[in-house]
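Please read the structure below before turning to the comments.
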Amino acid sequence: MSLFSSFWQPKKIRGGVHPEPRKAATSDRPIDVAFPMPAMLYLSLQQHVGQPAEPVVKVGERVLKGQLLAIGQGAISASVHAPTSGLIDDIMDYPSAHPSALPSPTLLLEPDGEDRWIDGLAEIDPFSLTPQEVCDRVGAAGVVGMGGAAFPSAVKLNLGRRTRIQTLLINGGECEPYLSCDDRLMRERAADIVDGINIMLHGLECNKAIVGIEDNKPQAYAAMCDAARPHGGKIEVAQVPSLYPMGWDKQLIRYLTDKEVPAGGRAADVGVLMHNVGTAYAVQQAIRFGKPLISRIVTVSGDAVRAPRNVEAPIGTPLADLLGFCGYQSEAVARYVMGGPMMGDALPHPNVPLVKGACGILALTETELAASDAKACIRCSRCVSSCPVGLLPLEMMTRIRAGQLEAAIGYGLKDCISCGSCSYVCPSQIPLVHYFKYASGELVSRQQAQHKAEQTKRLAEEKQARIDRYKQEQAALAAQRKAKSQQQKRGEAA
Amino acid sequence: MYILFAIISLTGMGLGLGFLLGAAARYLKVEENPLIDEIESLMPGSQCGQCGYPGCRPAAEALVAGDAPATLCPPGGRALAEQLANKLSIDLDLSDMEDQVPMVARVDESNCIGCTRCYKVCPTDALVGAPKQIHAVVADACIACSKCVDVCPTECLRLHPVKVTLRNWRWPSPEPATAKAA
Amino acid sequence: MNRLLASAPFARSDSQVQAIMKWVMLALSPATLFGIFIFGWPALLLFAVTLLSALFFEAACLALAGRAVKPTLLDGSALLTGWLIGMSLPPWAPWWIGVVGSALAIIVGKQVYGGIGQNLFNPAMLARVALLVSFPLEMTTWIHPAPLFSASAPGLLESFAITFGGAAAADGMTGASLIGHVKTEFSQGHGLSEALNSGGYAFIKSFLGWRSGSLGETSSLLLIGGGIWLMRKKVITWHIPLSMLMTVALMAGLFNWIDAEHYPGPWFHLTSGGLTLAAFFIATDYVTSPNSATGQIIFGAGCGLIVYLIRTWGAYPEGVGFSVLLMNSLTPVIDHYIRPRIYGRDHKGRPLELP
């Protein structure tokens, strides 16, 4: 067996596609830090995966830059801070950065133009803190995954502390087309990122980090190598092939550490934890300088944008302001996308605020979208060979179309990561990922309906039992009374 | 001769088996269709009467008899309709169910007089409150049976469509409604 | 909001069904043109009739089913099916063979299953086999190469008579295909070397395609070239062609090594009949071949094995059509059992155990 397996090494990378990068428009320009403060900031209380945050300020209150505005609730949540000083104008429902653009609770902050920081901001030595303090401060600073998932970072770090992490992986893959915010960040602020990685290693009590950078970013790779050199042996910088979805955490884990995360498990189960380079930077800012996560670098691109570039913008900026800053022609836009074109979300309109997890804002034209009606599946199996997970998208799709959701699970619906490789390669333009998202949602709805039906049944039975008991008690009472009165009668008669 | 044997043996078999069948029908008789019990166990059991039958058992009987469609139970929703159709092996036409928007009862607090009539009729204890105090609906338990709406003396109880939020929003099907027929 | 592309990805690769069909036809054209060149005007007439009737039947079926005719007709799949049938017919067969072939392929082979993507069997091979069984005489009348404008080639008018008028070809023109000739010789007790001699076999002639056979299957060189170009274009993968050709070559090599006088060697097999055409262009049909790479290798090997079995011990001299159809029927079974391993799970779909 060992002889066999030494010849038949399992392939490190499976599937994947090579979408046109389209990064050149933004990757060669420095990050634009001169974005003017918008007239109003819309701070969604749901910036992250999990429970929304609870406001701790009142309408009409004056707040300073970096002040805590809303505190995370429950196990998975993150706090929200003021991106600048100003007045809390309102707490209301405002369209959220979500494909439905449904209104969700949002804090409206009117900047006063002074941009005054909270008091007591000082640089500290992060390594004088205990590891647990590092994690707590990351949580207090409201840091979430900056690569798009927006998972609260402190929750991840705490999980890592519990399970003894051997390797911290830093994702600098940025495999999505158009996006170049991580690339620019690595080129311009490599030393800060490396500092952030060291702080995270300290917080995790771990002494090995690998930074994975796609080989189409040679300058970022060089900058990171330079910055990591003084920490040789502890922080390693590795090049990975340019292939979508190389930035899928489990793909990168297998490529860099040869470990495979079991289905339904987490990376921490195999002793690995993965953070984005943007997150490392945010952690550094939070711990060393005490600055909470109040702004982010976002790629503004797409053919409908005249001057595409990376912008450092405060959280809560209306996307229309950002697009306007980069000069976009709204009449040319066929689709607004938040995130990358492969996994991002379509937004019905740009009047939604920037959230912590948004790595890109794209205004795509009709030609870029190249959308056309879906044709019949010709079973070319390109979706099968492009799937990084090893699923059979065409079989899943036919089952879902026939309404057999359970059968689709048998082909791997629950393992789908919605990376979009299958839809990308489909020559019949079938929206495969849309089918899978629909089916997953439908399955959750059904489960909830099932749960509610059971609940209803239990409640109805309990109520019936109560009524029956009450009637019995009443009957028993009546019988007692009757017996008593008869006894009395008999006593009187006697 | 052979023909006679054949006739006799076949007649004998026919008689024997017929007798057996008759005996089985008599002694192994099932009082009621067991399917009805199974169907009833699937139903919500809240006896809310939204289907037009006096309770879940009569509805189950109607279903087994083929008098009612599988989509009869609004609280059960599509999930139940599919289960019922499966169990009864009948075709399911969800078209009239698609239009049904999930509803939930809500108390208009300015009008509630705390009469307690609503929570006495609620089959799932979804209404809470005390006499002379404003009542409230536990949305998770409400099955929108509208019994409370009927008894409320001040018309402060109304059914409202369930609000779509980020938490219960779901991806719509990628297929336009007409494509399914093709 | 635009109904299309409501969900990510908002980028598409440029390969479309229409482009794929176009590339396959482009890859087929050198071999087709060569076939038309060496078999003259009748071949061109038959080829044209087959293509036109394939398009006609497709359009008629779509109209009858009440579906949009134009978009489906323009995707090129019916044209390609007609093209492949044309390539696998004897070049001087009468016109109605082409029409019946197209009708069988499009109606019975494809549309009754529900159109493109739904059929179980390769339509072109279904038509070829049905024709071979129904009209054995017309389907096995082979022509010696007589290139266009050469002295032995029929003129245009004469060609019309051959294709549409049922005129018989001149006696000297017809003869068995090499693979059929060898089979007949064996049955008469002759050895291989004798049979190859009397059949006028030469490897290089056979490889280039200067031999009798179906319209477009003679030139292994051009077919292999087209196939490799398709692989470079990523229209097909190497799995099916390589495993199919390798299996035939290995079987032929093995038996030739055991008994050289009764079993022709690999080169003979690879350059005769319709093997290369089938390996690169017919067995690789998306709809009727398995999804996974492993499944495709099994499928190709199965095709190759059946080809060799039929050619060597079967009643027909050529078994390409039958082998592809038989393996087509196994495709659903292969797809059911051979699936890629899902990340984080073992081959049975259970989550991996933690180390």
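A note on labels: chains of the structure tokens are A, B, ... as shown, every chain counts residues from 1, and ligands are counted from 1 in their shown order.
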
Set the distance at 8 Å and use only C-alpha atoms: which residues neighbour A:Ala449 once local chain neighbours fewer than 3 positions away are removed? I'd like the list as an mmCIF file with N, CA and C atoms, in the first residue's frame.
data_model
loop_
_atom_site.group_PDB
_atom_site.id
_atom_site.type_symbol
_atom_site.label_atom_id
_atom_site.label_comp_id
_atom_site.auth_asym_id
_atom_site.auth_seq_id
_atom_site.Cartn_x
_atom_site.Cartn_y
_atom_site.Cartn_z
ATOM 1 N N SER A 445 -35.604 25.917 4.551
ATOM 2 C CA SER A 445 -37.004 26.274 4.772
ATOM 3 C C SER A 445 -37.822 25.048 5.141
ATOM 4 N N ARG A 446 -37.572 23.978 4.401
ATOM 5 C CA ARG A 446 -38.351 22.759 4.677
ATOM 6 C C ARG A 446 -38.081 22.227 6.067
ATOM 7 N N LYS A 452 -41.387 23.409 12.764
ATOM 8 C CA LYS A 452 -42.540 24.158 13.255
ATOM 9 C C LYS A 452 -43.760 23.242 13.374
ATOM 10 N N ALA A 453 -43.904 22.348 12.388
ATOM 11 C CA ALA A 453 -45.042 21.426 12.431
ATOM 12 C C ALA A 453 -44.969 20.569 13.686
ATOM 13 N N GLY B 76 -49.434 23.356 7.601
ATOM 14 C CA GLY B 76 -48.436 22.359 7.212
ATOM 15 C C GLY B 76 -47.558 22.846 6.082
ATOM 16 N N GLY B 77 -48.105 23.703 5.244
ATOM 17 C CA GLY B 77 -47.317 24.279 4.164
ATOM 18 C C GLY B 77 -46.915 23.272 3.111
ATOM 19 N N ALA B 79 -44.163 21.620 2.764
ATOM 20 C CA ALA B 79 -43.470 20.421 3.232
ATOM 21 C C ALA B 79 -44.483 19.319 3.515
#

TODO: With a cut-off of 6 Å and counting only C-alpha atoms, select all residues of chain B in contact with chain A and give the selection as a VMD selection string.
DONE: chain B and resid 44 to 46 79 123 to 124 170 to 173

TODO: Figure out the distance between atom CA of C:His269 and atom CA of C:Ser220, please, to one decimal in Å.
DONE: 10.9 Å

TODO: Tell me the residues of chain A close to chain C, meaning within 6 Å using only C-alpha atoms, as a VMD selection string.
DONE: chain A and resid 261 to 263 341 to 343 369 377 to 381 389 to 390 420 424 to 425 427 to 428 434

Task: Nearest candidate to chain C (options B:Pro54, B:Gly49, B:Pro174, B:Pro69; using only C-alpha atoms) - done: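 Between B:Pro54, B:Gly49, B:Pro174, B:Pro69, the residue approaching chain C most closely is B:Pro174.
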
Open item on the list: Please list as JSON, numbers by chain every residue within 7 Å of stretch 132-149 of chain A, counting only C-alpha atoms and excluding residues in the same chain fewer than 5 positions away.
Closed with: {"A": [48, 78, 79, 80, 154, 157, 158, 203, 275, 276, 278, 279, 282, 283, 286, 287, 292, 293, 339, 356, 357, 358, 359]}

Task: Secondary structure check, alpha helix (DSSP H) residues of stretch 45-117 of chain B, as a ChimeraX atom specification - done: /B:56-65,77-88,95-98,117

Output C-alpha atoms for every residue in that selection, as a short mmCIF file (atom, residue, chain, number, x, y, z; two decimals), in the first residue's frame.
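Okay, part_7.cif is ready:
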data_model
loop_
_atom_site.label_atom_id
_atom_site.label_comp_id
_atom_site.auth_asym_id
_atom_site.auth_seq_id
_atom_site.Cartn_x
_atom_site.Cartn_y
_atom_site.Cartn_z
CA CYS B 56 -57.26 16.93 11.68
CA ARG B 57 -58.82 13.47 11.82
CA PRO B 58 -61.77 14.33 9.56
CA ALA B 59 -59.31 16.01 7.21
CA ALA B 60 -57.19 12.85 7.13
CA GLU B 61 -60.29 10.80 6.37
CA ALA B 62 -61.19 13.14 3.52
CA LEU B 63 -57.66 12.91 2.17
CA VAL B 64 -57.68 9.12 2.17
CA ALA B 65 -61.10 9.10 0.56
CA GLY B 77 -47.32 24.28 4.16
CA ARG B 78 -45.53 22.85 1.19
CA ALA B 79 -43.47 20.42 3.23
CA LEU B 80 -46.60 18.69 4.53
CA ALA B 81 -48.26 18.79 1.11
CA GLU B 82 -45.29 16.96 -0.33
CA GLN B 83 -45.29 14.39 2.45
CA LEU B 84 -49.01 13.78 2.03
CA ALA B 85 -48.75 13.46 -1.73
CA ASN B 86 -45.92 10.99 -1.23
CA LYS B 87 -47.83 8.92 1.26
CA LEU B 88 -51.00 8.87 -0.83
CA SER B 95 -49.64 26.10 -7.92
CA ASP B 96 -52.38 27.24 -5.56
CA MET B 97 -49.99 26.93 -2.66
CA GLU B 98 -47.27 29.08 -4.23
CA ARG B 117 -60.83 35.39 24.63
#

Open item on the list: When you look at C:Glu261 with a cut-off of 9 Å (counting only C-alpha atoms), what residues show up, excluding the ones that are within fewer than 5 positions of it in the same chain? I need them as a ChimeraX atom specification.
Closed with: /C:191-193,256

Task: Atom-to-atom span, atom CA of A:Ser301 and atom CA of A:Leu362, Å - done: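 Between atom CA of A:Ser301 and atom CA of A:Leu362 the gap is 5.0 Å.
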
Task: Nearest-residue call for chain B, choices C:Trp41, C:Lys22, C:Arg67, C:Ile204, using only C-alpha atoms - done: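 The closest residue to chain B is C:Arg67.
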
Open item on the list: Could you check the closest approach to chain B for each of C:Phe203, C:Ile310, C:Ala27, C:Ala65 and tell me which residue wins, using only C-alpha atoms?
Closed with: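 Closest candidate: C:Ala65.
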
Contact residues around B:Arg106 with only C-alpha atoms at 12 Å, ignoring same-chain residues under 2 positions, as a PDB file with C-alpha atoms, in the first residue's frame:
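Saved to around_30.pdb:
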ATOM      1  CA  MET B 103     -49.086  34.887   7.711  1.00  0.00           C
ATOM      2  CA  VAL B 104     -48.780  35.599  11.387  1.00  0.00           C
ATOM      3  CA  ASP B 108     -52.673  46.019  17.856  1.00  0.00           C
ATOM      4  CA  GLU B 109     -51.640  47.173  21.314  1.00  0.00           C
ATOM      5  CA  SER B 110     -53.719  50.349  21.277  1.00  0.00           C
ATOM      6  CA  ASN B 111     -56.951  48.393  20.945  1.00  0.00           C
ATOM      7  CA  CYS B 112     -56.387  45.324  23.135  1.00  0.00           C
ATOM      8  CA  CYS B 118     -58.086  35.001  22.059  1.00  0.00           C
ATOM      9  CA  ALA B 126     -49.285  31.246  20.806  1.00  0.00           C
ATOM     10  CA  LEU B 127     -51.125  34.028  22.621  1.00  0.00           C
ATOM     11  CA  VAL B 128     -49.889  35.102  26.000  1.00  0.00           C
ATOM     12  CA  ILE B 134     -52.348  43.606  26.694  1.00  0.00           C
ATOM     13  CA  HIS B 135     -51.897  40.256  24.980  1.00  0.00           C
ATOM     14  CA  ALA B 136     -49.068  39.348  22.665  1.00  0.00           C
ATOM     15  CA  VAL B 137     -48.473  36.763  19.936  1.00  0.00           C
ATOM     16  CA  VAL B 138     -45.514  34.393  20.058  1.00  0.00           C
ATOM     17  CA  ALA B 139     -44.756  34.483  16.337  1.00  0.00           C
ATOM     18  CA  ASP B 140     -42.830  31.210  16.312  1.00  0.00           C
ATOM     19  CA  CYS B 142     -48.538  31.031  15.632  1.00  0.00           C
ATOM     20  CA  ILE B 143     -49.976  28.961  12.808  1.00  0.00           C
ATOM     21  CA  ALA B 144     -52.188  31.731  11.417  1.00  0.00           C
ATOM     22  CA  SER B 146     -57.302  33.074  12.511  1.00  0.00           C
ATOM     23  CA  CYS B 148     -58.281  34.535  17.556  1.00  0.00           C
ATOM     24  CA  VAL B 149     -59.164  37.035  14.833  1.00  0.00           C
ATOM     25  CA  CYS B 152     -61.485  39.340  19.204  1.00  0.00           C
ATOM     26  CA  GLU B 155     -60.651  43.728  16.056  1.00  0.00           C
ATOM     27  CA  CYS B 156     -57.206  44.365  17.422  1.00  0.00           C
ATOM     28  CA  LEU B 157     -55.982  40.961  16.245  1.00  0.00           C
ATOM     29  CA  ARG B 158     -55.163  40.737  12.583  1.00  0.00           C
ATOM     30  CA  LEU B 159     -53.205  38.414  10.354  1.00  0.00           C
ATOM     31  CA  HIS B 160     -50.240  40.030   8.673  1.00  0.00           C
ATOM     32  CA  PRO B 161     -47.839  38.560   6.148  1.00  0.00           C
ATOM     33  CA  VAL B 162     -44.613  37.356   7.751  1.00  0.00           C
ATOM     34  CA  LYS B 163     -41.991  40.038   7.237  1.00  0.00           C
TER      35      LYS B 163
END

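We find atom CA of A:Lys291 and atom CA of A:Val277 to be spaced 17.1 Å apart.
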
Task: Nearest residue to B:Val101 from the set B:Gly129, B:Pro74, B:Gly114, B:Gly52 (distances using only C-alpha atoms) - done: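 Answer, going by the shortest atom-to-atom distance: B:Pro74.
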
What's the 7 Å shell around C:Val320, counting only C-alpha atoms, without same-chain residues fewer than 5 positions away, as a short mmCIF file (atom, residue, chain, number, x, y, z; two decimals) with N, CA and C atoms, in the first residue's frame?
data_model
loop_
_atom_site.label_atom_id
_atom_site.label_comp_id
_atom_site.auth_asym_id
_atom_site.auth_seq_id
_atom_site.Cartn_x
_atom_site.Cartn_y
_atom_site.Cartn_z
N GLY C 274 -12.88 2.23 -38.92
CA GLY C 274 -13.23 3.55 -38.40
C GLY C 274 -12.71 3.79 -37.01
N LEU C 275 -11.64 3.08 -36.62
CA LEU C 275 -11.20 3.15 -35.23
C LEU C 275 -10.79 4.56 -34.80
N ALA C 278 -13.74 6.92 -34.56
CA ALA C 278 -14.56 6.65 -33.38
C ALA C 278 -13.85 7.09 -32.11
N VAL C 307 -14.33 -3.54 -29.74
CA VAL C 307 -13.91 -3.42 -31.14
C VAL C 307 -13.02 -4.62 -31.50
#

Task: Residue neighbourhood stretch 49-63 of chain C, 8 Å, only C-alpha atoms, exclusion window fewer than 4 positions, as JSON, numbers by chain - done: {"C": [45, 67, 68, 69, 73, 78, 79, 81, 82, 83, 85, 86, 95, 98, 99, 101, 102, 103, 106, 107, 111]}
